[in-house]
Amino acid sequence: MRIGVMSGPERGDSARKAKRMVDDARWAESAGLDTVWVPQVPTDFDALLAVALMGTATDRIEIGTAVVPLQAQHPIALARQALSAQAATGGRLALGVGPSHHWIVRDMLGLPYERPAGYTRDYLDVLDAAFAGPGPVEVENKTFTVHNPLGLGPVGPLPVLVAALGPVMLKLAGERADGTVLWMADEKAVGEHVVPRITAAAEAAGRPAPRIVAGVPVCLCRPSEVDAARERANRVLGEAEISPNYQRLLEYGAARDVGDICAAGDEAAIRARLRRFADAGVTDLSVRLLPIGEGRDELVASKERTKEMLAGLAAELR
């Protein structure tokens, strides 16, 4: 299991945030981690722009989006962004995309949220043609009619990962993509729901075994502080649970909320929990660092302790 860390979805003014995200990528690379994952949340930095910034400050580490909502831009625009970011990173981009949720697409953006799986399939038709370039992108399907010249081409392999929570999307991800990016999935949901479906679809399509990228909050703390860590996870990360997509995914597992998914406790407890994710079939772990404490100084110290522990576990769990 490859170990990565999330960077980006935190409060802060734009100037400091840009520097912090670059610093996160530099730290992750120096610590021996495999990947940095940049969520695209409605209120935060453009994920692909952040990938490009991080890529110019690093040399080795893979930098992925987790994930870019498809409905927010035309597929040609997204293809241009992705190819540009991939070039800026020297071929180290992992493009995570997905059809998002009704409360983002419909309620925030004012766009239709219909046929998300069909829309994703049609969108991938255009991305596939664009990423096969340079050359003209010629696609006509139920959603898009594209006849677009494109002078960009990938500078190396460009893995595309599709956020997939339900059976239809998991089948699509297995058939058409290099894997999936998960959030709100515990070990049971991964092992009994996600992995069998996406793997069977990939095998039937003659594709390699898919990558399974699982987002997991992690907090190094004393055993007596585990409940506080889980409560904080529910407080700062739990708003996504309003989505019916995530609610259905939780039903496939044993977790009731993101606090149950959080890997919290001492190093031995966290190691054991992360090994269970690996045993369930997770190929890539995307760690959401979750500090606890009263006031900024305690939160910073807690985050640094968790980072040090994670760096130590990365080689062991790989």
# chains A, B, ... in the order shown; residues from 1 in each chain; ligands from 1

call {"tool": "residues_around", "arguments": {"residues": "A:Gly238", "least_positions_apart": "4", "cutoff": "12 Å", "atoms": "only C-alpha atoms", "output": "ChimeraX atom specification"}}
result
/A:183-184,217,230-234,242-243,246-247,256-262

call {"tool": "residues_around", "arguments": {"residues": "stretch 292-305 of chain A", "least_positions_apart": "3", "cutoff": "10 Å", "atoms": "only C-alpha atoms", "output": "list in words"}}
result
Val218, Cys219, Leu220, Cys221, Glu225, Val226, Ala228, Ala229, Arg230, Glu231, Arg232, Ala233, Leu289, Glu308, Met309 and Leu310 of chain A

call {"tool": "write_last_selection", "arguments": {"atoms": "C-alpha atoms", "output": "short mmCIF file (atom, residue, chain, number, x, y, z; two decimals), in the first residue's frame"}}
result
data_model
loop_
_atom_site.label_atom_id
_atom_site.label_comp_id
_atom_site.auth_asym_id
_atom_site.auth_seq_id
_atom_site.Cartn_x
_atom_site.Cartn_y
_atom_site.Cartn_z
CA VAL A 218 -5.36 9.85 10.94
CA CYS A 219 -4.58 11.19 14.42
CA LEU A 220 -1.68 10.10 16.61
CA CYS A 221 -2.84 10.47 20.19
CA GLU A 225 -7.87 10.83 23.47
CA VAL A 226 -9.31 8.55 20.77
CA ALA A 228 -11.86 13.26 21.21
CA ALA A 229 -10.17 12.58 17.86
CA ARG A 230 -13.26 10.86 16.49
CA GLU A 231 -15.47 13.68 17.74
CA ARG A 232 -13.23 16.22 16.03
CA ALA A 233 -13.31 14.21 12.80
CA LEU A 289 -3.99 14.62 9.00
CA GLU A 308 6.52 12.12 11.92
CA MET A 309 4.71 8.89 12.67
CA LEU A 310 3.34 8.70 9.12
#

call {"tool": "closest_residue", "arguments": {"among": "A:Gly191, A:Pro99, A:Pro136, A:Gly90", "to": "A:Tyr123", "atoms": "only C-alpha atoms"}}
result
A:Pro99

call {"tool": "residues_around", "arguments": {"residues": "A:Thr120", "least_positions_apart": "2", "cutoff": "10 Å", "atoms": "only C-alpha atoms", "output": "PyMOL selection string"}}
result
chain A and resi 70-71+97-99+115-118+122-125+143+162+169+172-173

call {"tool": "write_last_selection", "arguments": {"atoms": "N, CA and C atoms", "output": "PDB file, in the first residue's frame"}}
result
ATOM      1  N   LEU A  70     -16.667  16.844 -12.519  1.00  0.00           N
ATOM      2  CA  LEU A  70     -16.711  16.911 -13.971  1.00  0.00           C
ATOM      3  C   LEU A  70     -17.633  18.011 -14.486  1.00  0.00           C
ATOM      4  N   GLN A  71     -18.736  18.235 -13.818  1.00  0.00           N
ATOM      5  CA  GLN A  71     -19.742  19.150 -14.368  1.00  0.00           C
ATOM      6  C   GLN A  71     -19.295  20.607 -14.394  1.00  0.00           C
ATOM      7  N   VAL A  97     -11.144  12.279 -10.976  1.00  0.00           N
ATOM      8  CA  VAL A  97     -12.334  13.016 -11.401  1.00  0.00           C
ATOM      9  C   VAL A  97     -13.572  12.303 -10.881  1.00  0.00           C
ATOM     10  N   GLY A  98     -14.694  13.002 -10.913  1.00  0.00           N
ATOM     11  CA  GLY A  98     -15.932  12.363 -10.494  1.00  0.00           C
ATOM     12  C   GLY A  98     -17.133  13.234 -10.780  1.00  0.00           C
ATOM     13  N   PRO A  99     -18.337  12.639 -10.746  1.00  0.00           N
ATOM     14  CA  PRO A  99     -19.554  13.382 -11.027  1.00  0.00           C
ATOM     15  C   PRO A  99     -20.087  14.171  -9.851  1.00  0.00           C
ATOM     16  N   ARG A 115     -28.276  11.639 -14.672  1.00  0.00           N
ATOM     17  CA  ARG A 115     -27.478  10.580 -15.281  1.00  0.00           C
ATOM     18  C   ARG A 115     -25.995  10.712 -14.932  1.00  0.00           C
ATOM     19  N   PRO A 116     -25.624  10.785 -13.656  1.00  0.00           N
ATOM     20  CA  PRO A 116     -24.206  10.999 -13.343  1.00  0.00           C
ATOM     21  C   PRO A 116     -23.290   9.935 -13.930  1.00  0.00           C
ATOM     22  N   ALA A 117     -23.715   8.681 -13.945  1.00  0.00           N
ATOM     23  CA  ALA A 117     -22.866   7.643 -14.521  1.00  0.00           C
ATOM     24  C   ALA A 117     -22.767   7.795 -16.035  1.00  0.00           C
ATOM     25  N   GLY A 118     -23.894   8.029 -16.690  1.00  0.00           N
ATOM     26  CA  GLY A 118     -23.875   8.228 -18.130  1.00  0.00           C
ATOM     27  C   GLY A 118     -23.086   9.465 -18.520  1.00  0.00           C
ATOM     28  N   ASP A 122     -19.698   9.529 -20.905  1.00  0.00           N
ATOM     29  CA  ASP A 122     -19.556  10.388 -22.076  1.00  0.00           C
ATOM     30  C   ASP A 122     -18.368  11.337 -21.917  1.00  0.00           C
ATOM     31  N   TYR A 123     -18.162  11.824 -20.721  1.00  0.00           N
ATOM     32  CA  TYR A 123     -17.043  12.725 -20.445  1.00  0.00           C
ATOM     33  C   TYR A 123     -15.717  12.000 -20.670  1.00  0.00           C
ATOM     34  N   LEU A 124     -15.640  10.744 -20.218  1.00  0.00           N
ATOM     35  CA  LEU A 124     -14.412   9.968 -20.391  1.00  0.00           C
ATOM     36  C   LEU A 124     -14.111   9.723 -21.868  1.00  0.00           C
ATOM     37  N   ASP A 125     -15.144   9.632 -22.707  1.00  0.00           N
ATOM     38  CA  ASP A 125     -14.906   9.510 -24.145  1.00  0.00           C
ATOM     39  C   ASP A 125     -14.048  10.669 -24.637  1.00  0.00           C
ATOM     40  N   THR A 143     -23.972  13.229 -24.873  1.00  0.00           N
ATOM     41  CA  THR A 143     -23.791  14.479 -24.130  1.00  0.00           C
ATOM     42  C   THR A 143     -22.950  15.499 -24.873  1.00  0.00           C
ATOM     43  N   VAL A 162     -11.486   7.452 -11.191  1.00  0.00           N
ATOM     44  CA  VAL A 162     -12.862   7.942 -11.133  1.00  0.00           C
ATOM     45  C   VAL A 162     -13.445   7.683  -9.746  1.00  0.00           C
ATOM     46  N   MET A 169     -21.212   3.039 -10.792  1.00  0.00           N
ATOM     47  CA  MET A 169     -19.992   3.817 -10.974  1.00  0.00           C
ATOM     48  C   MET A 169     -18.751   2.956 -10.797  1.00  0.00           C
ATOM     49  N   LEU A 172     -18.202   1.185 -14.012  1.00  0.00           N
ATOM     50  CA  LEU A 172     -17.674   2.120 -15.000  1.00  0.00           C
ATOM     51  C   LEU A 172     -16.193   2.406 -14.743  1.00  0.00           C
ATOM     52  N   ALA A 173     -15.835   2.635 -13.479  1.00  0.00           N
ATOM     53  CA  ALA A 173     -14.435   2.913 -13.149  1.00  0.00           C
ATOM     54  C   ALA A 173     -13.544   1.737 -13.512  1.00  0.00           C
TER      55      ALA A 173
END

call {"tool": "closest_residue", "arguments": {"among": "A:Gly179, A:Gly135, A:Gly166, A:Gly110", "to": "A:Leu95", "atoms": "only C-alpha atoms"}}
result
A:Gly179

call {"tool": "residues_around", "arguments": {"residues": "A:Ala77", "least_positions_apart": "5", "cutoff": "12 Å", "atoms": "only C-alpha atoms", "output": "count of residues only"}}
result
15

call {"tool": "closest_residue", "arguments": {"among": "A:Met108, A:Leu170, A:Leu317, A:Ile3", "to": "A:Gly215", "atoms": "only C-alpha atoms"}}
result
A:Ile3

call {"tool": "residues_around", "arguments": {"residues": "stretch 197-214 of chain A", "least_positions_apart": "2", "cutoff": "7 Å", "atoms": "only C-alpha atoms", "output": "ChimeraX atom specification"}}
result
/A:167,170-171,173-175,178-183,193-195,216,282-286

call {"tool": "decode", "arguments": {"residues": "stretch 163-176 of chain A", "atoms": "all heavy atoms", "output": "short mmCIF file (atom, residue, chain, number, x, y, z; two decimals), in the first residue's frame"}}
result
data_model
loop_
_atom_site.label_atom_id
_atom_site.label_comp_id
_atom_site.auth_asym_id
_atom_site.auth_seq_id
_atom_site.Cartn_x
_atom_site.Cartn_y
_atom_site.Cartn_z
N ALA A 163 -13.91 8.73 -9.11
CA ALA A 163 -14.60 8.57 -7.82
C ALA A 163 -15.84 7.72 -8.04
O ALA A 163 -16.71 8.07 -8.84
CB ALA A 163 -14.97 9.93 -7.24
N ALA A 164 -15.90 6.59 -7.35
CA ALA A 164 -16.98 5.64 -7.58
C ALA A 164 -17.42 5.07 -6.24
O ALA A 164 -16.61 4.49 -5.52
CB ALA A 164 -16.53 4.52 -8.52
N LEU A 165 -18.70 5.23 -5.92
CA LEU A 165 -19.21 4.79 -4.63
C LEU A 165 -20.21 3.65 -4.77
O LEU A 165 -20.21 2.72 -3.98
CB LEU A 165 -19.84 5.97 -3.89
CG LEU A 165 -18.97 7.22 -3.74
CD1 LEU A 165 -19.74 8.30 -2.97
CD2 LEU A 165 -17.66 6.90 -3.05
N GLY A 166 -21.06 3.72 -5.78
CA GLY A 166 -22.10 2.71 -5.97
C GLY A 166 -21.73 1.70 -7.03
O GLY A 166 -20.73 1.84 -7.75
N PRO A 167 -22.53 0.64 -7.18
CA PRO A 167 -22.21 -0.43 -8.12
C PRO A 167 -22.05 0.02 -9.57
O PRO A 167 -21.15 -0.45 -10.27
CB PRO A 167 -23.41 -1.38 -7.97
CG PRO A 167 -23.92 -1.14 -6.59
CD PRO A 167 -23.71 0.33 -6.35
N VAL A 168 -22.92 0.92 -10.04
CA VAL A 168 -22.84 1.35 -11.44
C VAL A 168 -21.54 2.11 -11.70
O VAL A 168 -20.84 1.88 -12.69
CB VAL A 168 -24.07 2.19 -11.82
CG1 VAL A 168 -23.92 2.75 -13.23
CG2 VAL A 168 -25.34 1.35 -11.72
N MET A 169 -21.21 3.04 -10.79
CA MET A 169 -19.99 3.82 -10.97
C MET A 169 -18.75 2.96 -10.80
O MET A 169 -17.73 3.17 -11.48
CB MET A 169 -19.97 4.99 -10.00
CG MET A 169 -20.90 6.14 -10.38
SD MET A 169 -20.46 6.92 -11.96
CE MET A 169 -18.80 7.49 -11.61
N LEU A 170 -18.79 1.99 -9.90
CA LEU A 170 -17.63 1.10 -9.73
C LEU A 170 -17.40 0.26 -10.99
O LEU A 170 -16.26 0.04 -11.40
CB LEU A 170 -17.83 0.20 -8.51
CG LEU A 170 -17.65 0.90 -7.16
CD1 LEU A 170 -18.20 0.03 -6.04
CD2 LEU A 170 -16.18 1.23 -6.91
N LYS A 171 -18.46 -0.19 -11.59
CA LYS A 171 -18.33 -0.93 -12.85
C LYS A 171 -17.72 -0.04 -13.93
O LYS A 171 -16.82 -0.47 -14.67
CB LYS A 171 -19.69 -1.47 -13.29
CG LYS A 171 -19.67 -2.33 -14.55
CD LYS A 171 -21.05 -2.91 -14.81
CE LYS A 171 -21.04 -3.89 -16.00
NZ LYS A 171 -20.77 -3.20 -17.27
N LEU A 172 -18.20 1.18 -14.01
CA LEU A 172 -17.67 2.12 -15.00
C LEU A 172 -16.19 2.41 -14.74
O LEU A 172 -15.38 2.43 -15.68
CB LEU A 172 -18.49 3.42 -14.96
CG LEU A 172 -17.98 4.57 -15.82
CD1 LEU A 172 -17.97 4.18 -17.29
CD2 LEU A 172 -18.86 5.81 -15.61
N ALA A 173 -15.84 2.63 -13.48
CA ALA A 173 -14.44 2.91 -13.15
C ALA A 173 -13.54 1.74 -13.51
O ALA A 173 -12.42 1.92 -14.01
CB ALA A 173 -14.31 3.24 -11.67
N GLY A 174 -14.01 0.52 -13.27
CA GLY A 174 -13.22 -0.65 -13.63
C GLY A 174 -13.05 -0.80 -15.13
O GLY A 174 -11.98 -1.18 -15.61
N GLU A 175 -14.11 -0.50 -15.88
CA GLU A 175 -14.07 -0.66 -17.33
C GLU A 175 -13.25 0.41 -18.03
O GLU A 175 -12.60 0.15 -19.05
CB GLU A 175 -15.49 -0.63 -17.89
CG GLU A 175 -16.36 -1.81 -17.49
CD GLU A 175 -17.80 -1.62 -17.91
OE1 GLU A 175 -18.22 -0.45 -18.19
OE2 GLU A 175 -18.53 -2.62 -17.97
N ARG A 176 -13.29 1.65 -17.49
CA ARG A 176 -12.78 2.78 -18.26
C ARG A 176 -11.62 3.53 -17.63
O ARG A 176 -11.00 4.36 -18.31
CB ARG A 176 -13.94 3.77 -18.48
CG ARG A 176 -15.11 3.24 -19.28
CD ARG A 176 -14.73 3.04 -20.75
NE ARG A 176 -14.23 4.27 -21.33
CZ ARG A 176 -15.01 5.23 -21.85
NH1 ARG A 176 -16.32 5.08 -21.88
NH2 ARG A 176 -14.48 6.32 -22.38
#
